[in-house]
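Pasting run-v5.txt here (compact mmCIF, C-alpha atoms):
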# COMPACT_ATOMS: atom_id res chain seq x y z
CA MET K 1 -9.20 1.87 -15.84
CA LYS K 2 -10.65 1.74 -12.34
CA ASN K 3 -11.76 -1.87 -12.69
CA ASP K 4 -8.25 -2.87 -13.77
CA ILE K 5 -6.47 -1.23 -10.83
CA VAL K 6 -4.77 -3.76 -8.61
CA GLN K 7 -2.82 -2.36 -5.74
CA ASP K 8 -1.21 -3.41 -2.53
CA SER K 9 0.75 -1.27 -0.15
CA LYS K 10 3.69 -0.90 -2.55
CA MET K 11 2.64 -1.85 -6.08
CA ILE K 12 0.39 0.62 -7.93
CA SER K 13 -1.18 -0.22 -11.29
CA ILE K 14 -0.41 2.36 -13.93
CA GLY K 15 -1.87 0.77 -17.04
CA LYS K 16 -2.90 -2.18 -19.12
CA ILE K 17 -1.29 -3.71 -22.20
CA THR K 18 -3.92 -3.29 -24.89
CA GLY K 19 -2.13 -4.46 -28.02
CA VAL K 20 1.07 -4.85 -29.97
CA PHE K 21 2.85 -2.45 -32.29
CA GLY K 22 4.95 -3.61 -35.20
CA ILE K 23 6.89 -6.86 -35.52
CA GLN K 24 9.79 -6.24 -33.13
CA GLY K 25 7.95 -6.90 -29.85
CA TRP K 26 6.62 -3.46 -28.91
CA VAL K 27 3.42 -3.30 -26.84
CA LYS K 28 0.86 -0.52 -26.40
CA ILE K 29 0.00 0.42 -22.83
CA LYS K 30 -3.13 2.41 -22.00
CA THR K 31 -2.49 4.38 -18.84
CA GLY K 32 -4.73 6.23 -16.46
CA SER K 33 -2.22 9.05 -16.26
CA ASP K 34 -0.17 11.29 -18.50
CA ALA K 35 1.87 8.89 -20.62
CA ASP K 36 4.59 11.53 -21.06
CA SER K 37 5.41 11.23 -17.35
CA LEU K 38 6.15 7.48 -17.49
CA GLY K 39 9.43 7.49 -19.41
CA HIS K 40 11.66 7.37 -16.33
CA TYR K 41 10.56 3.86 -15.26
CA LYS K 42 13.12 1.14 -15.95
CA LYS K 43 11.04 -1.89 -14.95
CA LEU K 44 7.40 -2.82 -14.51
CA GLN K 45 5.58 -5.61 -12.75
CA LEU K 46 3.24 -7.49 -15.07
CA SER K 47 0.15 -9.22 -13.68
CA LEU K 48 -1.30 -11.66 -16.20
CA ASN K 49 -3.21 -14.93 -15.77
CA ASN K 50 -2.87 -14.82 -11.97
CA THR K 51 0.93 -14.55 -12.11
CA ASN K 52 3.26 -11.64 -11.53
CA SER K 53 6.58 -11.10 -13.25
CA GLU K 54 9.06 -8.27 -13.50
CA LEU K 55 9.87 -6.91 -16.95
CA LYS K 56 12.75 -4.57 -17.71
CA ILE K 57 12.10 -1.80 -20.19
CA ALA K 58 14.54 -1.71 -23.10
CA LYS K 59 12.94 1.28 -24.85
CA SER K 60 9.79 3.35 -24.56
CA GLN K 61 8.11 6.23 -26.33
CA VAL K 62 4.86 8.15 -26.25
CA LYS K 63 2.70 8.82 -29.31
CA ASN K 64 -0.75 10.39 -29.23
CA GLY K 65 -1.11 9.79 -25.49
CA MET K 66 -0.36 6.06 -25.76
CA TRP K 67 2.75 4.54 -24.16
CA PHE K 68 4.72 2.17 -26.40
CA VAL K 69 7.18 -0.12 -24.62
CA LEU K 70 9.74 -2.68 -25.74
CA PHE K 71 10.67 -5.06 -22.94
CA GLU K 72 14.01 -6.85 -22.70
CA GLY K 73 13.63 -10.39 -24.04
CA VAL K 74 10.42 -9.61 -25.93
CA ASN K 75 11.83 -9.33 -29.42
CA ASP K 76 9.01 -10.37 -31.74
CA ARG K 77 5.31 -9.84 -32.26
CA ASN K 78 4.33 -13.32 -31.01
CA LYS K 79 6.02 -12.79 -27.64
CA ALA K 80 4.42 -9.34 -27.37
CA GLU K 81 0.95 -10.77 -28.13
CA ASN K 82 1.33 -13.05 -25.09
CA LEU K 83 1.45 -9.94 -22.87
CA VAL K 84 -1.80 -8.36 -24.11
CA GLY K 85 -4.32 -7.99 -21.30
CA GLY K 86 -1.67 -7.77 -18.62
CA VAL K 87 -1.82 -5.03 -15.99
CA VAL K 88 1.45 -3.20 -15.39
CA SER K 89 2.40 -1.78 -12.00
CA VAL K 90 5.28 0.10 -10.44
CA ASN K 91 6.58 0.22 -6.93
CA ARG K 92 5.17 3.24 -5.11
CA ASP K 93 8.68 4.13 -3.95
CA GLU K 94 9.59 4.83 -7.60
CA PHE K 95 6.97 7.57 -8.01
CA PRO K 96 8.54 11.02 -8.47
CA LYS K 97 7.90 13.35 -5.57
CA ALA K 98 4.77 15.39 -6.22
CA ASP K 99 5.04 19.17 -6.10
CA ALA K 100 3.08 21.21 -3.57
CA ASP K 101 -0.64 21.14 -4.42
CA GLU K 102 -0.15 18.13 -6.71
CA TYR K 103 -1.56 14.73 -5.86
CA TYR K 104 -1.42 11.26 -7.28
CA TRP K 105 -4.88 9.99 -8.12
CA VAL K 106 -4.27 6.80 -6.18
CA ASP K 107 -3.79 8.91 -3.03
CA LEU K 108 -7.15 10.65 -3.45
CA ILE K 109 -9.21 7.48 -3.83
CA GLY K 110 -10.98 6.72 -0.56
CA LEU K 111 -10.82 10.24 0.88
CA LYS K 112 -13.98 11.73 2.42
CA VAL K 113 -15.43 14.71 0.54
CA ILE K 114 -16.98 17.38 2.74
CA ASN K 115 -18.51 20.65 1.60
CA LEU K 116 -18.21 24.11 3.18
CA GLN K 117 -21.41 23.44 5.14
CA HIS K 118 -19.65 20.42 6.78
CA GLU K 119 -21.93 17.96 4.95
CA LEU K 120 -20.43 14.64 3.87
CA LEU K 121 -20.88 14.27 0.10
CA GLY K 122 -19.33 10.81 -0.03
CA ILE K 123 -16.03 9.11 -0.71
CA VAL K 124 -13.75 9.55 -3.75
CA ASP K 125 -14.42 6.39 -5.77
CA ASN K 126 -12.17 7.22 -8.72
CA LEU K 127 -11.03 10.04 -10.96
CA MET K 128 -11.25 10.75 -14.65
CA ASP K 129 -9.59 13.10 -17.05
CA THR K 130 -11.90 15.14 -19.26
CA GLY K 131 -9.11 16.75 -21.24
CA ALA K 132 -9.79 20.16 -19.74
CA ASN K 133 -9.31 19.02 -16.13
CA SER K 134 -9.56 16.06 -13.80
CA VAL K 135 -12.85 15.16 -12.13
CA ILE K 136 -13.32 13.34 -8.84
CA VAL K 137 -16.11 10.78 -8.79
CA VAL K 138 -17.70 10.95 -5.34
CA LYS K 139 -20.13 8.28 -4.19
CA ASP K 140 -22.36 7.78 -1.20
CA GLN K 141 -25.15 5.20 -0.68
CA LYS K 142 -27.53 7.00 -3.05
CA ASN K 143 -25.64 9.43 -5.26
CA THR K 144 -22.70 9.75 -7.59
CA ARG K 145 -21.31 13.27 -7.94
CA LEU K 146 -18.78 14.45 -10.51
CA ILE K 147 -16.77 17.36 -9.11
CA PRO K 148 -14.15 19.12 -11.25
CA PHE K 149 -10.77 18.96 -9.52
CA VAL K 150 -10.05 22.67 -9.96
CA ALA K 151 -9.40 25.49 -7.50
CA ALA K 152 -12.88 26.97 -8.02
CA TYR K 153 -14.42 23.90 -6.30
CA ILE K 154 -11.60 22.24 -4.35
CA THR K 155 -10.94 24.33 -1.26
CA ASP K 156 -8.48 22.01 0.50
CA VAL K 157 -6.97 18.55 0.22
CA ASP K 158 -6.16 17.42 3.74
CA MET K 159 -4.15 14.23 3.41
CA GLN K 160 -3.52 14.06 7.16
CA ASN K 161 -7.26 13.90 7.92
CA LYS K 162 -8.02 11.97 4.73
CA GLN K 163 -10.54 14.47 3.39
CA ILE K 164 -11.18 16.93 0.60
CA ILE K 165 -13.09 20.15 1.31
CA VAL K 166 -15.18 21.34 -1.63
CA ASP K 167 -17.39 24.27 -2.51
CA TRP K 168 -20.21 22.04 -3.72
CA GLY K 169 -23.78 21.62 -2.53
CA LEU K 170 -25.59 18.42 -1.62
CA ASP K 171 -28.14 19.18 -4.32
CA TYR K 172 -25.69 19.75 -7.21
Whole structure given in structure tokens:
Amino acid sequence: MKNDIVQDSKMISIGKITGVFGIQGWVKIKTGSDADSLGHYKKLQLSLNNTNSELKIAKSQVKNGMWFVLFEGVNDRNKAENLVGGVVSVNRDEFPKADADEYYWVDLIGLKVINLQHELLGIVDNLMDTGANSVIVVKDQKNTRLIPFVAAYITDVDMQNKQIIVDWGLDY
């Protein structure tokens, strides 16, 4: 999903419409996050063919990790097919407040990653979910490192100083 992420200071991409479902206008949205956590949104911004529009959600449900959405005014398969390929975003102000020691992936992208020896490993380029845990993808000019985002390796996330401290060697 990284290549599909479009963001400005307020709008954060949360997924892409990948197909239609049924004949009543439902669309399938592939998200880069837990689809179960998306049910509280009432509207989405759609970016498609260099235009942005706001769509209100009439109904939504999650099945097998995929988010199925029926938008107001999209009441048949043909109208839904016209939305395929669109990137959906939400206003950052609508994100639920994260608990202590929880972070939105979008907030981690761009942070410096420094190990316990005070060596810069690179910058968080993106994240991925392996099923067992999340992994930060850290890049510098020469290397790409995949570091599990678990307490055994992540010592501190310092949002104020825009850095993550890890127990990870330069040669790993």
Can you sort out the box for range 151-154 of chain K, edges along x, y and z, all listed atoms in, 6 Å on every side, with centre and edge lengths in Å to one decimal, as JSON?
{"center_x": -11.9, "center_y": 24.6, "center_z": -6.2, "size_x": 17.0, "size_y": 16.7, "size_z": 15.7}
Exercise for the section: List the neighbours of range 105-115 of chain K out to 6 Å using only C-alpha atoms; skip same-chain residues closer than 6 positions along the sequence, and give me the result as a ChimeraX atom specification. Expected result: /K:121-126,162-168
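Counting all atoms listed in the file and comparing K:Ile14, K:Val62, K:Ile23, K:Leu116, the residue that lies closest to Asn78 in chain K is K:Ile23.
Taking all atoms listed in the file into account, Met128 in chain K lies nearest to K:Thr31 out of the set K:Gly22, K:Asn143, K:Glu54, K:Thr31.
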Problem - Atomic distance CA of Lys28 in chain K - CA of Glu102 in chain K, expressed in Å with one decimal - result: 27.1 Å
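Taking CA of Thr51 in chain K and CA of Gln24 in chain K as endpoints, the distance between them is 24.3 Å.
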Problem - Counting all atoms listed in the file, the option among K:Leu55, K:Ser89, K:Thr18, K:Gly25 closest to Leu38 in chain K - result: K:Ser89
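If you measure from each of K:Arg145, K:Arg92, K:His118, K:Lys97 to Lys10 in chain K using all atoms listed in the file, the closest one turns out to be K:Arg92.
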Exercise for the section: List every protein, DNA or RNA residue with an atom no more than 9 Å from (-4.5, -2.4, -20.5) in the file's coordinates, counting all atoms listed in the file, and format the result as a ChimeraX atom specification. Expected result: /K:1,4,15-19,28-31,84-88
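The smallest atom-to-atom distance between Asn52 in chain K and any of K:Val90, K:Glu81, K:Gly32, K:Ile136, using only C-alpha atoms, is found for K:Val90.
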Exercise for the section: Can you work out the spacing between CA of Leu170 in chain K and CA of Leu120 in chain K in Å, to one decimal? Expected result: 8.4 Å
Exercise: Glu72 in chain K partners within 7 Å, all atoms listed in the file, chain neighbours under 6 positions left out, as a PDB file with C-alpha atoms, in the coordinates of the input:
ATOM      1  CA  LYS K  56      12.750  -4.570 -17.710  1.00  0.00           C
ATOM      2  CA  ILE K  57      12.100  -1.800 -20.190  1.00  0.00           C
ATOM      3  CA  ALA K  58      14.540  -1.710 -23.100  1.00  0.00           C
TER       4      ALA K  58
END
Exercise for the section: Place a sphere of radius 6 Å on (-12.9, 14.9, -8.2) in the file coordinates and name every protein, DNA or RNA residue with an atom inside or on its surface, counting all atoms listed in the file; give the answer as a PyMOL selection string. Expected result: chain K and resi 127+135-137+147-149
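In this comparison, which uses all atoms listed in the file, the residue of K:Phe95, K:Asp171, K:Phe68, K:Val150 approaching Ala132 in chain K most closely is K:Val150.
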Practice task
Please identify all polymer residues within 9 Å of Lys59 in chain K, counting all atoms listed in the file, omitting same-chain residues fewer than 3 positions from it, and present them as a count of residues only.
Solution key: 8
Generate the missing atoms of range 30-64 of chain K up to N, CA and C atoms and report them as an mmCIF file, in the frame of the given file.
data_model
loop_
_atom_site.group_PDB
_atom_site.id
_atom_site.type_symbol
_atom_site.label_atom_id
_atom_site.label_comp_id
_atom_site.auth_asym_id
_atom_site.auth_seq_id
_atom_site.Cartn_x
_atom_site.Cartn_y
_atom_site.Cartn_z
ATOM 1 N N LYS K 30 -2.167 1.340 -22.314
ATOM 2 C CA LYS K 30 -3.130 2.410 -22.000
ATOM 3 C C LYS K 30 -2.971 2.717 -20.525
ATOM 4 N N THR K 31 -2.711 3.976 -20.230
ATOM 5 C CA THR K 31 -2.490 4.380 -18.840
ATOM 6 C C THR K 31 -3.619 5.277 -18.359
ATOM 7 N N GLY K 32 -3.754 5.343 -17.052
ATOM 8 C CA GLY K 32 -4.730 6.230 -16.460
ATOM 9 C C GLY K 32 -4.119 7.571 -16.107
ATOM 10 N N SER K 33 -2.895 7.793 -16.573
ATOM 11 C CA SER K 33 -2.220 9.050 -16.260
ATOM 12 C C SER K 33 -1.574 9.587 -17.533
ATOM 13 N N ASP K 34 -0.867 10.666 -17.379
ATOM 14 C CA ASP K 34 -0.170 11.290 -18.500
ATOM 15 C C ASP K 34 0.971 10.387 -18.942
ATOM 16 N N ALA K 35 0.859 9.822 -20.126
ATOM 17 C CA ALA K 35 1.870 8.890 -20.620
ATOM 18 C C ALA K 35 3.249 9.535 -20.714
ATOM 19 N N ASP K 36 3.304 10.844 -20.956
ATOM 20 C CA ASP K 36 4.590 11.530 -21.060
ATOM 21 C C ASP K 36 5.393 11.447 -19.759
ATOM 22 N N SER K 37 4.722 11.248 -18.651
ATOM 23 C CA SER K 37 5.410 11.230 -17.350
ATOM 24 C C SER K 37 5.946 9.856 -16.989
ATOM 25 N N LEU K 38 5.791 8.851 -17.846
ATOM 26 C CA LEU K 38 6.150 7.480 -17.490
ATOM 27 C C LEU K 38 7.520 7.045 -18.002
ATOM 28 N N GLY K 39 8.187 7.875 -18.766
ATOM 29 C CA GLY K 39 9.430 7.490 -19.410
ATOM 30 C C GLY K 39 10.589 7.191 -18.485
ATOM 31 N N HIS K 40 10.526 7.595 -17.241
ATOM 32 C CA HIS K 40 11.660 7.370 -16.330
ATOM 33 C C HIS K 40 11.674 5.976 -15.715
ATOM 34 N N TYR K 41 10.589 5.205 -15.841
ATOM 35 C CA TYR K 41 10.560 3.860 -15.260
ATOM 36 C C TYR K 41 11.463 2.926 -16.043
ATOM 37 N N LYS K 42 12.194 2.094 -15.333
ATOM 38 C CA LYS K 42 13.120 1.140 -15.950
ATOM 39 C C LYS K 42 12.595 -0.289 -15.927
ATOM 40 N N LYS K 43 11.625 -0.552 -15.035
ATOM 41 C CA LYS K 43 11.040 -1.890 -14.950
ATOM 42 C C LYS K 43 9.591 -1.762 -14.505
ATOM 43 N N LEU K 44 8.809 -2.761 -14.871
ATOM 44 C CA LEU K 44 7.400 -2.820 -14.510
ATOM 45 C C LEU K 44 7.084 -4.212 -14.002
ATOM 46 N N GLN K 45 6.092 -4.304 -13.138
ATOM 47 C CA GLN K 45 5.580 -5.610 -12.750
ATOM 48 C C GLN K 45 4.378 -5.897 -13.634
ATOM 49 N N LEU K 46 4.342 -7.076 -14.205
ATOM 50 C CA LEU K 46 3.240 -7.490 -15.070
ATOM 51 C C LEU K 46 2.397 -8.511 -14.323
ATOM 52 N N SER K 47 1.097 -8.268 -14.252
ATOM 53 C CA SER K 47 0.150 -9.220 -13.680
ATOM 54 C C SER K 47 -0.702 -9.744 -14.833
ATOM 55 N N LEU K 48 -0.592 -11.038 -15.083
ATOM 56 C CA LEU K 48 -1.300 -11.660 -16.200
ATOM 57 C C LEU K 48 -1.576 -13.111 -15.847
ATOM 58 N N ASN K 49 -2.817 -13.537 -16.033
ATOM 59 C CA ASN K 49 -3.210 -14.930 -15.770
ATOM 60 C C ASN K 49 -2.830 -15.368 -14.356
ATOM 61 N N ASN K 50 -3.115 -14.532 -13.385
ATOM 62 C CA ASN K 50 -2.870 -14.820 -11.970
ATOM 63 C C ASN K 50 -1.400 -15.031 -11.614
ATOM 64 N N THR K 51 -0.501 -14.502 -12.441
ATOM 65 C CA THR K 51 0.930 -14.550 -12.110
ATOM 66 C C THR K 51 1.513 -13.156 -12.245
ATOM 67 N N ASN K 52 2.553 -12.916 -11.482
ATOM 68 C CA ASN K 52 3.260 -11.640 -11.530
ATOM 69 C C ASN K 52 4.696 -11.900 -11.982
ATOM 70 N N SER K 53 5.183 -11.016 -12.816
ATOM 71 C CA SER K 53 6.580 -11.100 -13.250
ATOM 72 C C SER K 53 7.112 -9.701 -13.447
ATOM 73 N N GLU K 54 8.425 -9.570 -13.305
ATOM 74 C CA GLU K 54 9.060 -8.270 -13.500
ATOM 75 C C GLU K 54 9.630 -8.216 -14.911
ATOM 76 N N LEU K 55 9.352 -7.110 -15.603
ATOM 77 C CA LEU K 55 9.870 -6.910 -16.950
ATOM 78 C C LEU K 55 10.696 -5.641 -16.972
ATOM 79 N N LYS K 56 11.891 -5.739 -17.563
ATOM 80 C CA LYS K 56 12.750 -4.570 -17.710
ATOM 81 C C LYS K 56 12.444 -3.891 -19.034
ATOM 82 N N ILE K 57 12.405 -2.577 -18.997
ATOM 83 C CA ILE K 57 12.100 -1.800 -20.190
ATOM 84 C C ILE K 57 13.383 -1.546 -20.967
ATOM 85 N N ALA K 58 13.389 -1.963 -22.230
ATOM 86 C CA ALA K 58 14.540 -1.710 -23.100
ATOM 87 C C ALA K 58 14.412 -0.325 -23.737
ATOM 88 N N LYS K 59 13.212 -0.010 -24.211
ATOM 89 C CA LYS K 59 12.940 1.280 -24.850
ATOM 90 C C LYS K 59 11.476 1.631 -24.612
ATOM 91 N N SER K 60 11.190 2.931 -24.621
ATOM 92 C CA SER K 60 9.790 3.350 -24.560
ATOM 93 C C SER K 60 9.639 4.692 -25.260
ATOM 94 N N GLN K 61 8.420 4.959 -25.698
ATOM 95 C CA GLN K 61 8.110 6.230 -26.330
ATOM 96 C C GLN K 61 6.617 6.499 -26.213
ATOM 97 N N VAL K 62 6.257 7.748 -26.338
ATOM 98 C CA VAL K 62 4.860 8.150 -26.250
ATOM 99 C C VAL K 62 4.444 8.738 -27.599
ATOM 100 N N LYS K 63 3.292 8.274 -28.092
ATOM 101 C CA LYS K 63 2.700 8.820 -29.310
ATOM 102 C C LYS K 63 1.209 8.949 -29.088
ATOM 103 N N ASN K 64 0.685 10.141 -29.322
ATOM 104 C CA ASN K 64 -0.750 10.390 -29.230
ATOM 105 C C ASN K 64 -1.343 9.907 -27.898
#
